[in-house]
$ cat coords06.txt   # compact mmCIF, C-alpha atoms
# COMPACT_ATOMS: atom_id res chain seq x y z
CA GLU A 1 -105.76 48.68 -3.32
CA ALA A 2 -103.88 45.49 -2.47
CA GLY A 3 -105.84 42.26 -2.75
CA VAL A 4 -106.01 39.26 -0.46
CA ALA A 5 -102.54 37.78 0.04
CA GLN A 6 -101.89 34.10 0.69
CA SER A 7 -98.78 32.03 1.24
CA PRO A 8 -97.36 29.67 0.36
CA ARG A 9 -98.74 29.26 -3.15
CA TYR A 10 -97.88 25.59 -3.34
CA LYS A 11 -97.16 22.93 -0.75
CA ILE A 12 -96.43 19.22 -1.06
CA ILE A 13 -96.44 17.08 2.08
CA GLU A 14 -96.77 13.44 3.00
CA LYS A 15 -99.85 12.10 4.74
CA ARG A 16 -99.82 12.45 8.50
CA GLN A 17 -97.59 15.54 8.29
CA SER A 18 -98.81 18.97 9.34
CA VAL A 19 -99.11 22.14 7.26
CA ALA A 20 -100.09 25.75 7.80
CA PHE A 21 -101.42 28.40 5.43
CA TRP A 22 -101.38 32.14 5.96
CA CYS A 23 -103.80 34.83 4.77
CA ASN A 24 -103.73 38.61 4.90
CA PRO A 25 -107.12 40.10 3.94
CA ILE A 26 -107.84 43.38 2.23
CA SER A 27 -107.20 46.24 4.63
CA GLY A 28 -110.33 47.14 6.59
CA HIS A 29 -112.25 43.96 5.75
CA ALA A 30 -113.81 42.70 8.94
CA THR A 31 -114.90 39.30 7.67
CA LEU A 32 -112.49 36.56 6.61
CA TYR A 33 -113.27 33.16 5.12
CA TRP A 34 -111.34 29.99 4.42
CA TYR A 35 -112.59 27.77 1.61
CA GLN A 36 -111.52 24.37 0.34
CA GLN A 37 -111.71 23.85 -3.43
CA ILE A 38 -111.31 20.28 -4.60
CA LEU A 39 -110.40 19.86 -8.27
CA GLY A 40 -113.45 20.24 -10.49
CA GLN A 41 -115.70 21.65 -7.77
CA GLY A 42 -116.74 24.99 -6.43
CA PRO A 43 -115.26 26.39 -3.22
CA LYS A 44 -116.68 25.02 0.02
CA LEU A 45 -116.67 27.16 3.14
CA LEU A 46 -114.56 25.81 6.01
CA ILE A 47 -114.66 28.67 8.49
CA GLN A 48 -115.78 32.29 8.72
CA PHE A 49 -114.38 34.93 11.07
CA GLN A 50 -115.93 38.23 12.02
CA ASN A 51 -113.01 40.33 13.25
CA ASN A 52 -111.23 37.73 15.43
CA GLY A 53 -114.28 35.72 16.43
CA VAL A 54 -115.55 32.58 14.71
CA VAL A 55 -118.98 33.01 13.08
CA ASP A 56 -119.31 29.62 11.39
CA ASP A 57 -117.05 26.58 11.54
CA SER A 58 -119.72 23.95 11.00
CA GLN A 59 -117.93 22.45 7.97
CA LEU A 60 -114.44 22.49 9.44
CA PRO A 61 -113.13 18.97 10.26
CA LYS A 62 -112.13 19.95 13.75
CA ASP A 63 -110.31 16.73 14.53
CA ARG A 64 -107.56 17.79 12.10
CA PHE A 65 -108.19 21.36 10.97
CA SER A 66 -107.77 24.48 13.08
CA ALA A 67 -107.79 28.17 12.27
CA GLU A 68 -107.21 31.41 14.09
CA ARG A 69 -107.35 35.09 13.32
CA LEU A 70 -105.15 37.08 15.62
CA LYS A 71 -106.00 40.74 16.24
CA GLY A 72 -108.74 40.58 13.63
CA VAL A 73 -106.36 40.84 10.66
CA ASP A 74 -104.15 37.94 9.47
CA SER A 75 -105.31 34.36 9.72
CA THR A 76 -103.71 30.93 9.66
CA LEU A 77 -105.29 27.61 8.75
CA LYS A 78 -103.59 24.44 9.97
CA ILE A 79 -104.02 20.78 9.08
CA GLN A 80 -102.63 18.17 11.45
CA PRO A 81 -102.34 15.36 10.50
CA ALA A 82 -103.00 15.63 6.77
CA LYS A 83 -104.86 12.97 4.79
CA LEU A 84 -104.76 12.23 1.08
CA GLU A 85 -108.26 13.66 0.67
CA ASP A 86 -107.06 17.04 1.94
CA SER A 87 -105.37 17.63 -1.44
CA ALA A 88 -107.09 20.76 -2.72
CA VAL A 89 -106.69 24.49 -3.18
CA TYR A 90 -107.26 26.44 0.02
CA LEU A 91 -108.71 29.86 -0.68
CA CYS A 92 -108.91 32.80 1.65
CA ALA A 93 -111.48 35.53 1.04
CA SER A 94 -112.52 38.71 2.79
CA SER A 95 -115.47 41.05 2.71
CA LEU A 96 -116.17 44.53 4.01
CA THR A 97 -119.70 44.28 5.33
CA ASP A 98 -120.40 42.72 8.69
CA ARG A 99 -123.98 41.86 7.75
CA GLY A 100 -123.31 38.81 5.62
CA PRO A 101 -120.92 37.31 3.02
CA TYR A 102 -121.66 39.79 0.24
CA GLU A 103 -118.99 40.85 -2.25
CA GLN A 104 -116.27 38.47 -1.21
CA TYR A 105 -112.78 38.97 -2.65
CA PHE A 106 -110.57 35.93 -3.00
CA GLY A 107 -106.83 35.44 -2.76
CA PRO A 108 -104.86 33.31 -5.25
CA GLY A 109 -105.05 30.22 -3.04
CA THR A 110 -102.60 27.63 -1.77
CA ARG A 111 -102.47 24.40 -3.74
CA LEU A 112 -101.87 21.52 -1.31
CA THR A 113 -100.80 18.09 -2.50
CA VAL A 114 -100.76 15.28 0.05
CA THR A 115 -98.82 12.18 -1.05
CA GLY B 1 -128.92 23.88 3.50
CA GLU B 2 -128.74 25.51 0.09
CA ASN B 3 -128.03 23.49 -3.03
CA VAL B 4 -126.89 25.15 -6.26
CA GLU B 5 -126.94 23.29 -9.57
CA GLN B 6 -125.01 24.71 -12.51
CA HIS B 7 -125.21 23.82 -16.22
CA PRO B 8 -123.49 23.14 -18.51
CA SER B 9 -120.25 21.86 -17.00
CA THR B 10 -118.36 22.75 -20.19
CA LEU B 11 -119.20 25.23 -22.94
CA SER B 12 -117.29 25.93 -26.13
CA VAL B 13 -118.16 28.90 -28.35
CA GLN B 14 -116.65 30.76 -31.27
CA GLU B 15 -115.25 34.22 -30.67
CA GLY B 16 -118.01 36.79 -31.05
CA ASP B 17 -120.81 34.38 -30.13
CA SER B 18 -122.84 34.58 -26.94
CA ALA B 19 -122.50 32.24 -23.97
CA VAL B 20 -125.18 31.40 -21.43
CA ILE B 21 -124.67 29.58 -18.12
CA LYS B 22 -127.64 28.60 -15.98
CA CYS B 23 -128.01 27.88 -12.28
CA THR B 24 -130.85 26.76 -10.04
CA TYR B 25 -131.05 27.03 -6.27
CA SER B 26 -133.13 25.29 -3.67
CA ASP B 27 -133.68 27.76 -0.81
CA SER B 28 -136.40 30.28 -1.63
CA ALA B 29 -134.99 32.54 1.11
CA SER B 30 -131.73 33.07 -0.81
CA ASN B 31 -131.40 36.71 -1.75
CA TYR B 32 -127.96 37.31 -3.25
CA PHE B 33 -126.52 35.65 -6.35
CA PRO B 34 -122.93 36.42 -7.40
CA TRP B 35 -120.97 35.10 -10.34
CA TYR B 36 -117.26 34.43 -10.18
CA LYS B 37 -114.66 33.93 -12.91
CA GLN B 38 -111.67 31.76 -12.08
CA GLU B 39 -108.64 31.67 -14.36
CA LEU B 40 -106.04 28.94 -14.12
CA GLY B 41 -103.92 29.29 -10.99
CA LYS B 42 -105.92 32.20 -9.63
CA GLY B 43 -108.63 32.71 -7.06
CA PRO B 44 -112.25 33.37 -8.09
CA GLN B 45 -112.94 36.95 -9.16
CA LEU B 46 -116.35 38.53 -8.60
CA ILE B 47 -117.63 39.71 -11.99
CA ILE B 48 -121.28 40.53 -11.38
CA ASP B 49 -123.96 39.96 -8.77
CA ILE B 50 -127.68 40.38 -8.41
CA ARG B 51 -130.01 40.75 -5.45
CA SER B 52 -133.46 39.27 -5.17
CA ASN B 53 -135.24 42.59 -5.61
CA VAL B 54 -133.85 42.94 -9.14
CA GLY B 55 -134.70 40.85 -12.22
CA GLU B 56 -131.77 41.74 -14.45
CA LYS B 57 -128.43 43.49 -14.19
CA LYS B 58 -126.00 44.41 -16.95
CA ASP B 59 -122.35 45.43 -17.01
CA GLN B 60 -120.95 45.96 -20.50
CA ARG B 61 -120.82 42.52 -22.17
CA ILE B 62 -122.10 40.53 -19.19
CA ALA B 63 -125.59 40.35 -17.78
CA VAL B 64 -127.35 38.29 -15.15
CA THR B 65 -131.05 37.48 -14.96
CA LEU B 66 -132.96 36.18 -11.96
CA ASN B 67 -136.29 34.36 -11.85
CA LYS B 68 -137.21 34.03 -8.18
CA THR B 69 -140.41 32.11 -8.87
CA ALA B 70 -138.56 29.40 -10.76
CA LYS B 71 -135.48 29.74 -8.51
CA HIS B 72 -133.03 30.07 -11.33
CA PHE B 73 -130.54 32.65 -12.53
CA SER B 74 -128.35 32.91 -15.59
CA LEU B 75 -125.15 34.56 -16.78
CA HIS B 76 -125.05 35.93 -20.31
CA ILE B 77 -121.82 36.93 -22.02
CA THR B 78 -122.13 38.62 -25.40
CA GLU B 79 -119.46 39.14 -28.06
CA THR B 80 -117.20 36.61 -26.37
CA GLN B 81 -113.45 37.04 -26.57
CA PRO B 82 -110.62 34.51 -25.99
CA GLU B 83 -109.83 36.21 -22.68
CA ASP B 84 -113.29 35.23 -21.47
CA SER B 85 -112.05 31.62 -21.36
CA ALA B 86 -112.13 30.51 -17.71
CA VAL B 87 -114.21 28.58 -15.20
CA TYR B 88 -117.34 30.43 -14.12
CA PHE B 89 -119.07 29.76 -10.82
CA CYS B 90 -122.52 30.81 -9.73
CA ALA B 91 -123.34 31.06 -6.05
CA ALA B 92 -126.22 31.81 -3.73
CA ILE B 93 -126.48 33.12 -0.21
CA TRP B 94 -128.17 30.75 2.20
CA SER B 95 -129.24 31.98 5.59
CA GLY B 96 -129.06 29.31 8.24
CA GLY B 97 -130.43 30.95 11.33
CA SER B 98 -128.35 34.02 12.15
CA ASN B 99 -125.54 33.17 9.78
CA TYR B 100 -125.23 33.56 6.03
CA LYS B 101 -123.41 31.04 3.87
CA LEU B 102 -122.29 31.38 0.26
CA THR B 103 -122.90 28.12 -1.62
CA PHE B 104 -121.22 27.62 -5.00
CA GLY B 105 -122.19 25.61 -8.06
CA LYS B 106 -119.69 23.16 -9.52
CA GLY B 107 -118.52 25.51 -12.25
CA THR B 108 -118.64 25.83 -16.04
CA LEU B 109 -115.48 25.66 -18.11
CA LEU B 110 -115.97 28.20 -20.89
CA THR B 111 -113.68 28.00 -23.90
CA VAL B 112 -113.79 30.76 -26.50
CA ASN B 113 -112.19 29.66 -29.75
CA PRO B 114 -110.54 32.39 -31.85
$ encode --input "coords06.txt" --output "structure tokens"
Amino acid sequence: EAGVAQSPRYKIIEKRQSVAFWCNPISGHATLYWYQQILGQGPKLLIQFQNNGVVDDSQLPKDRFSAERLKGVDSTLKIQPAKLEDSAVYLCASSLTDRGPYEQYFGPGTRLTVT
Amino acid sequence: GENVEQHPSTLSVQEGDSAVIKCTYSDSASNYFPWYKQELGKGPQLIIDIRSNVGEKKDQRIAVTLNKTAKHFSLHITETQPEDSAVYFCAAIWSGGSNYKLTFGKGTLLTVNP
């Protein structure tokens, strides 16, 4: 079974530029999550989708971050404009159950560096 | 919301020794506690989990214990091997109304010396 795919793996941009990350979850997984992992910390949830609807985006900085999940499969996360503090690894995860975030499977992440 | 504290932040052991990582959580309503292993340049990998109706769970060399009264849970790795070297994260489910949120600890860097 293929795992969660993410691209690109690395991205370097200057502050105030925009960037987009892509995620393809495990086939059949209804729930998709985007996390931000700052160096030396655990992942922090940014947004959770159930199929193509948003379940929780309470920790997403909506003035600069946006995300969508078209047709309930792939998802993109966008930052516009980027700030220095957005430097982090952005992880995508998916889970099978629609009753809560149990047994989440993570992709390899996208390491973003904002200069 | 939920708060998860994890200790120690770094742990160094000799190959063959045991390693123990401890976590505490704040929300007594939390009912699911997974552990993740993250190797350099990779995403976290689920290695074991435990639900609140179980006190202990074992899978080969790894085990997790849960004390709901004290609100703490621990990861035990026996007969450690160099390939066990990684960052380990504990996490807890927090239910905020109708939604469920996975909250992670800050991680433990485990180094197994050959």
$ closest_residue --input "coords06.txt" --among "B:Ser26, B:Thr80, B:Gln45, B:Ser12" --to "Gln60 in chain B" --atoms "only C-alpha atoms"
B:Thr80
$ interface_residues --input "coords06.txt" --of "chain A" --to "chain B" --cutoff "8 Å" --atoms "all atoms listed in the file" --output "list in words"
Gly40, Gln41, Gly42, Pro43, Lys44, Leu45, Val55, Asp56, Leu91, Gly100, Pro101, Tyr102, Glu103, Gln104, Tyr105, Phe106, Gly107, Pro108 and Gly109 of chain A
$ closest_residue --input "coords06.txt" --among "A:Leu77, A:Ala88, A:Leu60, A:Ala5" --to "Phe21 in chain A" --atoms "all atoms listed in the file"
A:Leu77
$ closest_residue --input "coords06.txt" --among "A:Ile47, A:Leu96, A:Ala82, A:Ile38" --to "Asp63 in chain A" --atoms "only C-alpha atoms"
A:Ala82
$ atom_distance --input "coords06.txt" --atom1 "CA of Glu68 in chain A" --atom2 "CA of Phe49 in chain A"
8.5 Å
$ residues_around --input "coords06.txt" --residues "range 16-19 of chain B" --least-positions-apart "3" --cutoff "9 Å" --atoms "all atoms listed in the file" --output "ChimeraX atom specification"
/B:11-13,75-81,110,112,114
$ atom_distance --input "coords06.txt" --atom1 "CA of Val89 in chain A" --atom2 "CA of Thr76 in chain A"
14.7 Å
$ axis_aligned_box --input "coords06.txt" --around "range 14-27 of chain B" --padding-each-side "8 Å" --output "AutoDock Vina command-line options"
--center_x -124.5 --center_y 31.0 --center_z -16.0 --size_x 34.4 --size_y 27.5 --size_z 46.5
$ residues_near_point --input "coords06.txt" --point "(-91.3, 21.3, -1.1)" --cutoff "12 Å" --atoms "all atoms listed in the file" --output "PyMOL selection string"
chain A and resi 8-14+19+111-115
$ residues_around --input "coords06.txt" --residues "Pro61 in chain A" --least-positions-apart "5" --cutoff "10 Å" --atoms "all atoms listed in the file" --output "PyMOL selection string"
chain A and resi 46-47+66+79
$ atom_distance --input "coords06.txt" --atom1 "CA of Lys37 in chain B" --atom2 "CA of Gly53 in chain A"
29.4 Å
$ decode --input "coords06.txt" --residues "range 21-41 of chain A" --atoms "N, CA, C and O atoms" --output "CSV table (one decimal), in the first residue's frame"
chain,number,residue,atom,x,y,z
A,21,PHE,N,2.1,23.7,-1.1
A,21,PHE,CA,2.5,22.4,-0.9
A,21,PHE,C,1.3,21.5,-1.3
A,21,PHE,O,0.2,21.8,-1.1
A,22,TRP,N,1.7,20.3,-1.7
A,22,TRP,CA,0.7,19.3,-2.2
A,22,TRP,C,0.8,18.0,-1.4
A,22,TRP,O,1.9,17.6,-1.0
A,23,CYS,N,-0.4,17.4,-1.3
A,23,CYS,CA,-0.5,16.2,-0.5
A,23,CYS,C,-1.4,15.2,-1.2
A,23,CYS,O,-2.5,15.6,-1.6
A,24,ASN,N,-1.0,14.0,-1.3
A,24,ASN,CA,-1.9,12.9,-1.8
A,24,ASN,C,-2.0,11.9,-0.7
A,24,ASN,O,-1.0,11.2,-0.4
A,25,PRO,N,-3.2,11.7,0.0
A,25,PRO,CA,-3.3,10.8,1.1
A,25,PRO,C,-3.3,9.3,0.7
A,25,PRO,O,-3.4,9.0,-0.5
A,26,ILE,N,-3.3,8.4,1.6
A,26,ILE,CA,-3.5,7.0,1.4
A,26,ILE,C,-4.9,6.8,0.8
A,26,ILE,O,-5.9,7.4,1.2
A,27,SER,N,-4.9,6.0,-0.3
A,27,SER,CA,-6.2,5.7,-1.0
A,27,SER,C,-7.2,5.2,0.0
A,27,SER,O,-7.0,4.3,0.8
A,28,GLY,N,-8.4,5.9,-0.1
A,28,GLY,CA,-9.5,5.5,0.8
A,28,GLY,C,-9.6,6.2,2.1
A,28,GLY,O,-10.6,6.0,2.8
A,29,HIS,N,-8.6,7.0,2.4
A,29,HIS,CA,-8.6,7.7,3.7
A,29,HIS,C,-9.4,8.9,3.6
A,29,HIS,O,-9.1,9.8,2.8
A,30,ALA,N,-10.5,9.0,4.4
A,30,ALA,CA,-11.4,10.1,4.3
A,30,ALA,C,-10.9,11.4,5.0
A,30,ALA,O,-11.3,12.5,4.6
A,31,THR,N,-10.1,11.2,6.0
A,31,THR,CA,-9.7,12.4,6.8
A,31,THR,C,-8.2,12.8,6.4
A,31,THR,O,-7.3,11.9,6.3
A,32,LEU,N,-8.0,14.0,6.2
A,32,LEU,CA,-6.7,14.5,5.9
A,32,LEU,C,-6.3,15.7,6.8
A,32,LEU,O,-7.2,16.5,7.1
A,33,TYR,N,-5.1,15.7,7.2
A,33,TYR,CA,-4.6,16.8,8.2
A,33,TYR,C,-3.3,17.4,7.6
A,33,TYR,O,-2.5,16.8,7.0
A,34,TRP,N,-3.2,18.7,7.9
A,34,TRP,CA,-2.0,19.4,7.7
A,34,TRP,C,-1.4,19.8,9.1
A,34,TRP,O,-2.2,20.4,9.9
A,35,TYR,N,-0.1,19.6,9.3
A,35,TYR,CA,0.5,19.9,10.5
A,35,TYR,C,1.7,20.8,10.2
A,35,TYR,O,2.4,20.7,9.2
A,36,GLN,N,2.1,21.7,11.2
A,36,GLN,CA,3.3,22.4,11.1
A,36,GLN,C,4.2,21.9,12.2
A,36,GLN,O,3.8,21.8,13.4
A,37,GLN,N,5.5,21.6,11.9
A,37,GLN,CA,6.4,21.1,12.9
A,37,GLN,C,7.6,22.0,12.8
A,37,GLN,O,8.5,22.0,11.9
A,38,ILE,N,7.7,22.9,13.9
A,38,ILE,CA,8.9,23.7,14.0
A,38,ILE,C,10.0,22.9,14.7
A,38,ILE,O,9.7,22.0,15.5
A,39,LEU,N,11.2,23.2,14.3
A,39,LEU,CA,12.4,22.5,14.7
A,39,LEU,C,12.4,22.3,16.3
A,39,LEU,O,12.3,23.3,17.0
A,40,GLY,N,12.5,21.1,16.7
A,40,GLY,CA,12.6,20.8,18.1
A,40,GLY,C,11.2,20.7,18.8
A,40,GLY,O,11.2,20.6,20.1
A,41,GLN,N,10.2,20.7,18.0
A,41,GLN,CA,8.8,20.6,18.6
A,41,GLN,C,8.0,19.5,18.0
A,41,GLN,O,8.4,19.0,16.9
